[in-house]
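*Asks:* Quick one: this structure, given as structure tokens, is what I'll be asking you about.
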Amino acid sequence: MKFVFITGGVLSSLGKGITAASVGLLLKSRGLKVTIVKIDPYLNYDAGTMNPYQHGEVFVTDDGGETDLDIGHYERFLNENLSKRNNITAGQVYMEVVERERKGVYLGATVQVVPHLTDLIKERIKEVARDYDITVVEIGGTVGDIESLPFLEAARQMGLEESSFYLHVSYVPFVRSVGEIKTKPTQHSVQKLREIGIQPDALVARGEIPLTPEARRKLALFSNLPLRAVVSAHDVDNVYEVPFLLDGQGLDDLILEKLGVGVYRPKDLSAWRDFVGRVEGGNKRVRVAIVGKYVEVRDAYKSLLEALVHAAAETGVGVEVGLIDAIDLEKRGTDPLKDYSGLIIAGGFGRRGIEGKIKAVQYGREKGIPTLGICLGMQLMTVEWARNVLGLKGAHSEEFDPKTPHPVIHILPEQKDLKRMGATMRLGGQDVRLREGTLIHSLYGRDTVRERHRHRYEFNNAYRQKFSESGMVISAEVGELVEAVEWPEHPFYIGVQFHPEYSSKPLQPHPLFVGFLKASNRL
Ligand code: GLN
């Protein structure tokens with residue numbers, strides 16, 4: 001087993017996740033088997049109970065994990081699905097240690113952070129690493145945080161047991177007023193890392209502009225590193241270019257040398273290069289609105305935004321996305337939507353902004369604007385149809401109006417008497433059957449597709465007949481459970497109960513987004 005540990009310095013949101021994903025991609029492109037683990041030092045068991053303001057999007061894995069959004073980056077860069085086991089949190093390991101203590105596993109011992117918790121952390125990492133040549137482990141947070149200490153200690157110990165490479169991603173600010181790159185914050189964070197007993201093998205310097213030779217020399221000297229181990233990771237136009245930035249400075253060669261991976265194939269990055277060449281390549285730009293309620297936080301719609309980038313590269317249509325606040329539509333009406341030729345009604349939870357989303361749905365339906373409803377979006381397409389086409393006054397989802405006379409969306413039977421909120425939704429991938437002759441079937445070109453879920457409510461089958469008779473087609477199902485609706489009289493009006501955005505990848509763009517973008521481009 002071989003490991004690359006990635007730590008963060010100075011501040012968060014540096015793009016450590018993208019760095020980890022890019023390193024993974026470069027190593028994989030040599031023909032090595034590579035996976036990536038994210039460690040989140042918070043005490044939540046998983047990301048599922050945090051709202052998007054806290055944490056951005058909750059990324060759902062095929063095996064039903066509610067994980068950190070970095071897992072989404074890893075899946076997109078590695079071009080494969082990962083497991084919930086790839087996201088380890090402090091909550092999980094602390095809980096397991098206490099459970100083991102109660103079972104008597106440590107009978108007679110005083111249970112401590114070192115060695116009991118650190119042993120368990122190592123065990124969990126190795127469990128994932130077992131089937132791979134190299135495992136990249138990204139340790140969330142910043143060196144110096146209290147929460148991340150046990151994980152850094154486990155990473156240090158693993159260096160004694162297994163061949164390991166330590167990569168420190170740190171902030172190197174460019175101070176505009178003096179026109180200089182400043183290395184001091186990073187010097188301090190490397191010192192902090194050394195205090196813990198980790199000497200980095202390479203430094204990825206994140207900053208606005210490329211490192212000057214002088215800044216590189218200083219960073220190398222103070223970090224005790226050769227010049228070639230200091231990598232400039234300045235801002236680039238899109239994150240998919242980062243692997244080339246790191247590749248151009250030989251980072252993966254350095255890693256393979258240190259890890260002693262002797263015989264390796266030359267890199268094959270041709271498919272990735274081709275994709276990056278097509279991103280933003282289109283000459284025509286289409287404006288797409290995402291109607292949501294967490295629009296202040298772009299990360300809340302990470303996978304959705306990326307899925308549109310993938311579809312844009314596939315179709316050659318440049319896409320410009322506007323994040324539209326549903327609350328704003330509630331107050332001011334649909335005016336902000338008038339410059340868009342496609343609408344995505346995003347998923348979400350809770351009553352806030354719901355009527356604004358319903359207004360957007362009605363606007364898209366009546367004006368013939370391509371509309372894609374995802375999860376909550378699909379549910380509200382159903383509500384809007386019930387109210388305005390079927391004339392069912394007060395129709396709603398039970399989630400927002402438990403006393404509605406027409407609960408066209410109601411709670412899933414298994415969700416009825418739940419006492420616990422964590423990991424209890426309908427979660428993860430299932431095989432969805434598509435109905436022949438529908439638009440969704442023609443987009444996928446298949447009878448069965450695998451899609452991921454995260455919800456508690458569903459289409460109420462008591463209304464199935466009314467919907468069908470009025471022209472709304474139930475176009476996909478899992479058993480009796482409605483997975484998609486569409487209205488064939490409209491250029492593109494599809495609502496899906498699942499989340500197609502989680503499975504879209506640069507090298508496997510999702511057919512629903514590709515179809516949606518093509519339809520929006522026609523307008
Ligand atoms: N709140 C809705 C439900 O639980 C939709 C969830 C979602 O959009 N992910 O069914």
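Order determines the names: the first chain of the structure tokens is A, the second B, and so forth; residues in each chain are numbered 1 upward, and ligands are numbered 1 upward as they are shown.
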Which residues, written as a PDB file with N, CA, C and O atoms, in the first residue's frame, have at least one atom at most 10 Å from Gly8 of chain A, with only C-alpha atoms counted and residues fewer than 2 positions away on the same chain left out?
*Replies:*
```pdb
ATOM      1  N   ILE A   6      -2.510  14.632   1.816  1.00  0.00           N
ATOM      2  CA  ILE A   6      -2.597  16.044   1.441  1.00  0.00           C
ATOM      3  C   ILE A   6      -3.114  16.857   2.621  1.00  0.00           C
ATOM      4  O   ILE A   6      -4.177  16.574   3.175  1.00  0.00           O
ATOM      5  N   VAL A  10      -2.667  27.601   6.122  1.00  0.00           N
ATOM      6  CA  VAL A  10      -3.047  29.021   6.196  1.00  0.00           C
ATOM      7  C   VAL A  10      -4.563  29.234   6.203  1.00  0.00           C
ATOM      8  O   VAL A  10      -5.096  29.839   7.108  1.00  0.00           O
ATOM      9  N   LEU A  11      -5.234  28.798   5.153  1.00  0.00           N
ATOM     10  CA  LEU A  11      -6.689  28.969   5.174  1.00  0.00           C
ATOM     11  C   LEU A  11      -7.390  27.883   4.358  1.00  0.00           C
ATOM     12  O   LEU A  11      -6.760  27.170   3.577  1.00  0.00           O
ATOM     13  N   SER A  12      -8.716  27.802   4.565  1.00  0.00           N
ATOM     14  CA  SER A  12      -9.473  26.777   3.846  1.00  0.00           C
ATOM     15  C   SER A  12      -9.943  27.323   2.494  1.00  0.00           C
ATOM     16  O   SER A  12      -9.648  28.469   2.156  1.00  0.00           O
ATOM     17  N   SER A  13     -10.636  26.514   1.750  1.00  0.00           N
ATOM     18  CA  SER A  13     -11.130  26.870   0.406  1.00  0.00           C
ATOM     19  C   SER A  13      -9.999  27.175  -0.573  1.00  0.00           C
ATOM     20  O   SER A  13     -10.126  28.040  -1.427  1.00  0.00           O
ATOM     21  N   LEU A  14      -8.901  26.456  -0.428  1.00  0.00           N
ATOM     22  CA  LEU A  14      -7.757  26.696  -1.305  1.00  0.00           C
ATOM     23  C   LEU A  14      -7.816  25.859  -2.571  1.00  0.00           C
ATOM     24  O   LEU A  14      -7.036  26.051  -3.491  1.00  0.00           O
ATOM     25  N   GLY A  15      -8.730  24.895  -2.582  1.00  0.00           N
ATOM     26  CA  GLY A  15      -8.743  23.974  -3.719  1.00  0.00           C
ATOM     27  C   GLY A  15      -7.923  22.727  -3.428  1.00  0.00           C
ATOM     28  O   GLY A  15      -7.356  22.123  -4.328  1.00  0.00           O
ATOM     29  N   LYS A  16      -7.906  22.341  -2.144  1.00  0.00           N
ATOM     30  CA  LYS A  16      -7.216  21.103  -1.789  1.00  0.00           C
ATOM     31  C   LYS A  16      -7.888  19.901  -2.450  1.00  0.00           C
ATOM     32  O   LYS A  16      -7.231  18.958  -2.879  1.00  0.00           O
ATOM     33  N   GLU A 138      -6.902  13.082   1.505  1.00  0.00           N
ATOM     34  CA  GLU A 138      -6.992  14.526   1.758  1.00  0.00           C
ATOM     35  C   GLU A 138      -7.510  14.751   3.175  1.00  0.00           C
ATOM     36  O   GLU A 138      -8.600  14.294   3.533  1.00  0.00           O
ATOM     37  N   ILE A 139      -6.724  15.445   3.967  1.00  0.00           N
ATOM     38  CA  ILE A 139      -7.149  15.738   5.336  1.00  0.00           C
ATOM     39  C   ILE A 139      -7.775  17.132   5.355  1.00  0.00           C
ATOM     40  O   ILE A 139      -7.097  18.130   5.112  1.00  0.00           O
ATOM     41  N   GLY A 140      -9.072  17.161   5.621  1.00  0.00           N
ATOM     42  CA  GLY A 140      -9.798  18.428   5.585  1.00  0.00           C
ATOM     43  C   GLY A 140      -9.328  19.385   6.668  1.00  0.00           C
ATOM     44  O   GLY A 140      -8.671  19.002   7.624  1.00  0.00           O
ATOM     45  N   GLY A 141      -9.669  20.644   6.512  1.00  0.00           N
ATOM     46  CA  GLY A 141      -9.289  21.654   7.494  1.00  0.00           C
ATOM     47  C   GLY A 141      -7.879  22.157   7.236  1.00  0.00           C
ATOM     48  O   GLY A 141      -7.265  21.877   6.205  1.00  0.00           O
ATOM     49  N   THR A 142      -7.382  22.904   8.188  1.00  0.00           N
ATOM     50  CA  THR A 142      -6.091  23.565   8.036  1.00  0.00           C
ATOM     51  C   THR A 142      -5.181  23.107   9.167  1.00  0.00           C
ATOM     52  O   THR A 142      -5.647  22.929  10.295  1.00  0.00           O
ATOM     53  N   VAL A 143      -3.892  22.915   8.871  1.00  0.00           N
ATOM     54  CA  VAL A 143      -2.949  22.512   9.916  1.00  0.00           C
ATOM     55  C   VAL A 143      -2.985  23.542  11.039  1.00  0.00           C
ATOM     56  O   VAL A 143      -2.893  24.744  10.784  1.00  0.00           O
ATOM     57  N   GLY A 144      -3.140  23.060  12.266  1.00  0.00           N
ATOM     58  CA  GLY A 144      -3.272  23.978  13.394  1.00  0.00           C
ATOM     59  C   GLY A 144      -4.669  23.904  13.999  1.00  0.00           C
ATOM     60  O   GLY A 144      -4.872  24.305  15.141  1.00  0.00           O
ATOM     61  N   LEU A 167       2.051  15.956   0.941  1.00  0.00           N
ATOM     62  CA  LEU A 167       1.916  17.122   0.067  1.00  0.00           C
ATOM     63  C   LEU A 167       1.164  18.208   0.821  1.00  0.00           C
ATOM     64  O   LEU A 167       0.044  18.001   1.269  1.00  0.00           O
ATOM     65  N   HIS A 168       1.797  19.353   0.978  1.00  0.00           N
ATOM     66  CA  HIS A 168       1.172  20.435   1.715  1.00  0.00           C
ATOM     67  C   HIS A 168       0.668  21.485   0.728  1.00  0.00           C
ATOM     68  O   HIS A 168       1.440  22.023  -0.067  1.00  0.00           O
ATOM     69  N   VAL A 169      -0.636  21.763   0.766  1.00  0.00           N
ATOM     70  CA  VAL A 169      -1.229  22.773  -0.117  1.00  0.00           C
ATOM     71  C   VAL A 169      -1.443  24.028   0.711  1.00  0.00           C
ATOM     72  O   VAL A 169      -2.201  24.014   1.677  1.00  0.00           O
ATOM     73  N   SER A 170      -0.760  25.089   0.347  1.00  0.00           N
ATOM     74  CA  SER A 170      -0.807  26.257   1.215  1.00  0.00           C
ATOM     75  C   SER A 170      -1.001  27.545   0.422  1.00  0.00           C
ATOM     76  O   SER A 170      -0.734  27.605  -0.777  1.00  0.00           O
ATOM     77  N   TYR A 171      -1.458  28.546   1.135  1.00  0.00           N
ATOM     78  CA  TYR A 171      -1.770  29.830   0.496  1.00  0.00           C
ATOM     79  C   TYR A 171      -0.529  30.711   0.438  1.00  0.00           C
ATOM     80  O   TYR A 171       0.159  30.923   1.441  1.00  0.00           O
ATOM     81  N   THR A 186       2.935  30.728   4.688  1.00  0.00           N
ATOM     82  CA  THR A 186       3.216  29.324   4.365  1.00  0.00           C
ATOM     83  C   THR A 186       4.432  28.810   5.146  1.00  0.00           C
ATOM     84  O   THR A 186       4.438  27.663   5.611  1.00  0.00           O
ATOM     85  N   SER A 189       3.052  27.773   8.351  1.00  0.00           N
ATOM     86  CA  SER A 189       2.225  26.569   8.374  1.00  0.00           C
ATOM     87  C   SER A 189       3.081  25.316   8.169  1.00  0.00           C
ATOM     88  O   SER A 189       2.771  24.248   8.698  1.00  0.00           O
ATOM     89  N   VAL A 190       4.187  25.441   7.423  1.00  0.00           N
ATOM     90  CA  VAL A 190       5.106  24.302   7.309  1.00  0.00           C
ATOM     91  C   VAL A 190       5.751  24.024   8.670  1.00  0.00           C
ATOM     92  O   VAL A 190       5.917  22.858   9.083  1.00  0.00           O
ATOM     93  N   LEU A 193       3.373  22.117  10.724  1.00  0.00           N
ATOM     94  CA  LEU A 193       3.314  20.727  10.277  1.00  0.00           C
ATOM     95  C   LEU A 193       4.510  19.939  10.839  1.00  0.00           C
ATOM     96  O   LEU A 193       4.372  18.794  11.284  1.00  0.00           O
ATOM     97  N   LEU A 203       5.367  21.004  -1.863  1.00  0.00           N
ATOM     98  CA  LEU A 203       4.506  22.115  -1.486  1.00  0.00           C
ATOM     99  C   LEU A 203       3.751  22.551  -2.739  1.00  0.00           C
ATOM    100  O   LEU A 203       4.355  22.770  -3.782  1.00  0.00           O
ATOM    101  N   VAL A 204       2.431  22.644  -2.607  1.00  0.00           N
ATOM    102  CA  VAL A 204       1.663  23.221  -3.703  1.00  0.00           C
ATOM    103  C   VAL A 204       1.256  24.623  -3.256  1.00  0.00           C
ATOM    104  O   VAL A 204       0.514  24.786  -2.295  1.00  0.00           O
TER     105      VAL A 204
END
```
*Asks:* Which chains and residue numbers are within 6 Å of ligand 1, counting only C-alpha atoms and all ligand atoms, if I want them as a list in words?
*Replies:* Gly347, Gly348, Phe349, Cys375, Leu376, Arg454, His455, Arg456 and Tyr457 of chain A
*Asks:* Please identify which residues in segment 35-281 of chain A DSSP calls helix (DSSP H, G or I) from the backbone, and express them as a ChimeraX atom specification.
*Replies:* /A:47-49,52-55,69-78,84-86,90-103,113-129,149-161,184-196,213-223,227-229,239-247,251-259,270-278
*Asks:* Using DSSP secondary structure from the backbone, list all strand (DSSP E or B) positions within segment 33-203 of chain A, as a ChimeraX atom specification.
*Replies:* /A:34-40,59-60,66-67,87-89,134-139,163-171,174-175,180-181,202-203
*Asks:* For the selection just defined, write its residues with N, CA, C and O atoms to a file, as a compact mmCIF listing (two decimals), in the first residue's frame.
*Replies:*
```
# COMPACT_ATOMS: atom_id res chain seq x y z
N VAL A 34 -5.85 3.81 -8.55
CA VAL A 34 -5.79 4.93 -7.61
C VAL A 34 -7.17 5.21 -7.02
O VAL A 34 -8.17 5.18 -7.73
N THR A 35 -7.20 5.47 -5.71
CA THR A 35 -8.44 5.98 -5.15
C THR A 35 -8.12 7.18 -4.25
O THR A 35 -6.95 7.45 -3.95
N ILE A 36 -9.16 7.89 -3.84
CA ILE A 36 -8.95 9.09 -3.01
C ILE A 36 -9.90 9.04 -1.82
O ILE A 36 -11.09 8.74 -1.96
N VAL A 37 -9.35 9.32 -0.64
CA VAL A 37 -10.14 9.35 0.59
C VAL A 37 -10.20 10.78 1.10
O VAL A 37 -9.19 11.49 1.07
N LYS A 38 -11.39 11.21 1.56
CA LYS A 38 -11.48 12.54 2.19
C LYS A 38 -11.72 12.34 3.67
O LYS A 38 -12.62 11.61 4.08
N ILE A 39 -10.92 13.02 4.48
CA ILE A 39 -11.15 13.01 5.92
C ILE A 39 -11.76 14.33 6.33
O ILE A 39 -11.22 15.40 6.01
N ASP A 40 -12.90 14.29 6.98
CA ASP A 40 -13.52 15.51 7.49
C ASP A 40 -13.45 15.50 9.01
O ASP A 40 -14.06 14.65 9.65
N PHE A 59 -22.94 15.54 -1.32
CA PHE A 59 -22.78 14.68 -2.50
C PHE A 59 -23.21 13.26 -2.14
O PHE A 59 -22.81 12.72 -1.11
N VAL A 60 -24.04 12.67 -3.00
CA VAL A 60 -24.57 11.33 -2.71
C VAL A 60 -23.84 10.30 -3.57
O VAL A 60 -23.78 10.43 -4.80
N GLU A 66 -24.02 10.05 2.19
CA GLU A 66 -24.21 11.50 2.08
C GLU A 66 -22.87 12.11 2.46
O GLU A 66 -22.53 12.20 3.63
N THR A 67 -22.12 12.50 1.45
CA THR A 67 -20.71 12.79 1.68
C THR A 67 -20.36 14.24 1.38
O THR A 67 -21.15 15.00 0.84
N ASN A 87 -15.21 8.58 2.46
CA ASN A 87 -15.33 9.81 3.26
C ASN A 87 -15.35 9.42 4.74
O ASN A 87 -16.30 8.83 5.23
N ILE A 88 -14.25 9.71 5.42
CA ILE A 88 -14.13 9.36 6.84
C ILE A 88 -14.31 10.64 7.65
O ILE A 88 -13.66 11.65 7.36
N THR A 89 -15.18 10.61 8.66
CA THR A 89 -15.35 11.80 9.49
C THR A 89 -14.90 11.50 10.92
O THR A 89 -14.84 10.33 11.33
N ILE A 134 -2.18 3.06 -5.21
CA ILE A 134 -1.91 4.29 -4.47
C ILE A 134 -3.22 4.89 -3.97
O ILE A 134 -4.20 4.94 -4.72
N THR A 135 -3.23 5.32 -2.71
CA THR A 135 -4.40 5.99 -2.16
C THR A 135 -4.02 7.42 -1.77
O THR A 135 -3.06 7.63 -1.03
N VAL A 136 -4.75 8.37 -2.32
CA VAL A 136 -4.54 9.77 -1.96
C VAL A 136 -5.49 10.06 -0.79
O VAL A 136 -6.66 9.70 -0.84
N VAL A 137 -4.96 10.65 0.28
CA VAL A 137 -5.79 10.94 1.45
C VAL A 137 -5.77 12.45 1.70
O VAL A 137 -4.72 13.01 2.03
N GLU A 138 -6.90 13.08 1.50
CA GLU A 138 -6.99 14.53 1.76
C GLU A 138 -7.51 14.75 3.17
O GLU A 138 -8.60 14.29 3.53
N ILE A 139 -6.72 15.44 3.97
CA ILE A 139 -7.15 15.74 5.34
C ILE A 139 -7.77 17.13 5.35
O ILE A 139 -7.10 18.13 5.11
N SER A 163 4.81 3.19 2.58
CA SER A 163 5.48 4.21 1.80
C SER A 163 4.50 5.37 1.55
O SER A 163 3.41 5.19 1.04
N SER A 164 4.91 6.56 2.02
CA SER A 164 3.98 7.70 2.03
C SER A 164 4.63 8.98 1.51
O SER A 164 5.84 9.18 1.68
N PHE A 165 3.82 9.80 0.92
CA PHE A 165 4.27 11.09 0.40
C PHE A 165 3.38 12.16 1.03
O PHE A 165 2.16 12.03 1.06
N TYR A 166 3.99 13.23 1.56
CA TYR A 166 3.22 14.29 2.19
C TYR A 166 3.24 15.54 1.32
O TYR A 166 4.32 16.07 1.02
N LEU A 167 2.05 15.96 0.94
CA LEU A 167 1.92 17.12 0.07
C LEU A 167 1.16 18.21 0.82
O LEU A 167 0.04 18.00 1.27
N HIS A 168 1.80 19.35 0.98
CA HIS A 168 1.17 20.44 1.71
C HIS A 168 0.67 21.48 0.73
O HIS A 168 1.44 22.02 -0.07
N VAL A 169 -0.64 21.76 0.77
CA VAL A 169 -1.23 22.77 -0.12
C VAL A 169 -1.44 24.03 0.71
O VAL A 169 -2.20 24.01 1.68
N SER A 170 -0.76 25.09 0.35
CA SER A 170 -0.81 26.26 1.21
C SER A 170 -1.00 27.55 0.42
O SER A 170 -0.73 27.60 -0.78
N TYR A 171 -1.46 28.55 1.14
CA TYR A 171 -1.77 29.83 0.50
C TYR A 171 -0.53 30.71 0.44
O TYR A 171 0.16 30.92 1.44
N PHE A 174 -0.51 37.13 -3.04
CA PHE A 174 0.13 38.21 -3.80
C PHE A 174 -0.43 39.51 -3.24
O PHE A 174 -1.63 39.75 -3.27
N VAL A 175 0.44 40.32 -2.65
CA VAL A 175 -0.05 41.57 -2.05
C VAL A 175 0.10 42.68 -3.09
O VAL A 175 1.19 43.10 -3.45
N GLU A 180 4.05 42.17 -4.50
CA GLU A 180 4.94 41.08 -4.09
C GLU A 180 4.19 39.83 -3.65
O GLU A 180 3.10 39.92 -3.09
N ILE A 181 4.82 38.68 -3.88
CA ILE A 181 4.28 37.42 -3.37
C ILE A 181 4.86 37.21 -1.97
O ILE A 181 6.08 37.34 -1.78
N ALA A 202 6.51 17.84 -0.66
CA ALA A 202 6.29 18.84 -1.73
C ALA A 202 5.30 19.86 -1.22
O ALA A 202 4.52 19.61 -0.30
N LEU A 203 5.37 21.00 -1.86
CA LEU A 203 4.51 22.11 -1.49
C LEU A 203 3.75 22.55 -2.74
O LEU A 203 4.36 22.77 -3.78
```
*Asks:* In Å to one decimal, how far is atom CA of Ile196 of chain A from atom CA of Ser223 of chain A?
*Replies:*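 Pair atom CA of Ser223 of chain A / atom CA of Ile196 of chain A returns 14.4 Å.
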*Asks:* Could you jot down the atom CA of Leu517 of chain A to atom CA of Arg298 of chain A separation for me, Å, one decimal place?
*Replies:*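 Interatomic distance, atom CA of Leu517 of chain A to atom CA of Arg298 of chain A: 20.1 Å.
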*Asks:* May I have the residues within 9 Å of Leu245 of chain A as a PyMOL selection string, using only C-alpha atoms and disregarding those fewer than 5 positions away in the same chain?
*Replies:* chain A and resi 231-234+236
*Asks:* Those same residues, written as a compact mmCIF listing (two decimals), in the first residue's frame with all heavy atoms?
*Replies:*
```txt
# COMPACT_ATOMS: atom_id res chain seq x y z
N VAL A 231 5.63 23.64 -6.09
CA VAL A 231 4.81 23.70 -7.29
C VAL A 231 3.91 24.93 -7.24
O VAL A 231 3.27 25.20 -6.23
CB VAL A 231 3.94 22.42 -7.36
CG1 VAL A 231 2.99 22.48 -8.55
CG2 VAL A 231 4.83 21.18 -7.43
N SER A 232 3.89 25.66 -8.34
CA SER A 232 3.04 26.85 -8.40
C SER A 232 1.63 26.44 -8.87
O SER A 232 1.47 25.87 -9.94
CB SER A 232 3.64 27.84 -9.40
OG SER A 232 2.76 28.92 -9.57
N ALA A 233 0.65 26.70 -8.00
CA ALA A 233 -0.74 26.41 -8.41
C ALA A 233 -1.52 27.71 -8.38
O ALA A 233 -2.31 27.97 -7.49
CB ALA A 233 -1.35 25.36 -7.49
N HIS A 234 -1.23 28.52 -9.37
CA HIS A 234 -1.92 29.81 -9.47
C HIS A 234 -3.30 29.61 -10.07
O HIS A 234 -3.61 28.57 -10.63
CB HIS A 234 -1.08 30.77 -10.32
CG HIS A 234 -0.46 30.11 -11.52
ND1 HIS A 234 0.74 29.42 -11.45
CD2 HIS A 234 -0.90 29.99 -12.78
CE1 HIS A 234 1.02 28.91 -12.64
NE2 HIS A 234 0.04 29.24 -13.46
N VAL A 236 -6.43 29.34 -12.33
CA VAL A 236 -6.63 29.05 -13.76
C VAL A 236 -8.12 29.25 -14.08
O VAL A 236 -8.95 29.31 -13.19
CB VAL A 236 -6.19 27.61 -14.14
CG1 VAL A 236 -4.69 27.50 -14.22
CG2 VAL A 236 -6.76 26.58 -13.16
```
*Asks:* Which residues, written as a list in words, have at least one atom at most 8 Å from segment 434-451 of chain A, with only C-alpha atoms counted and residues fewer than 2 positions away on the same chain left out?
*Replies:*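 Final neighbour list, sorted by chain and number: Asp62, Gly428, Gly429, Gln430, Asp431, Val432, His453, Ser475, Ala476, Glu477, Glu486, Pro488, Ile494, Phe498, His499, Pro500, Ser503, Pro511, Leu512 and Gly515 of chain A.
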*Asks:* Export C-alpha atoms of the chosen residues as a tab-separated table (two decimals), in the first residue's frame?
*Replies:*
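Listing of selection22.tsv after writing:
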```tsv
chain	number	residue	atom	x	y	z
A	62	ASP	CA	-24.10	5.30	-5.53
A	428	GLY	CA	-28.25	6.18	-3.36
A	429	GLY	CA	-28.40	4.46	-6.71
A	430	GLN	CA	-31.25	2.33	-8.00
A	431	ASP	CA	-32.14	0.93	-11.40
A	432	VAL	CA	-34.81	3.12	-12.97
A	453	HIS	CA	-31.63	9.51	-4.85
A	475	SER	CA	-41.98	8.36	-18.00
A	476	ALA	CA	-39.82	6.50	-15.47
A	477	GLU	CA	-40.38	4.25	-12.48
A	486	GLU	CA	-42.82	14.82	-18.69
A	488	PRO	CA	-44.88	15.93	-24.51
A	494	ILE	CA	-39.02	16.90	-17.64
A	498	PHE	CA	-33.47	11.37	-8.83
A	499	HIS	CA	-30.31	13.49	-9.06
A	500	PRO	CA	-28.67	13.15	-12.48
A	503	SER	CA	-23.34	10.93	-11.96
A	511	PRO	CA	-27.69	12.66	-21.34
A	512	LEU	CA	-30.38	14.65	-19.48
A	515	GLY	CA	-30.59	17.08	-24.00
```
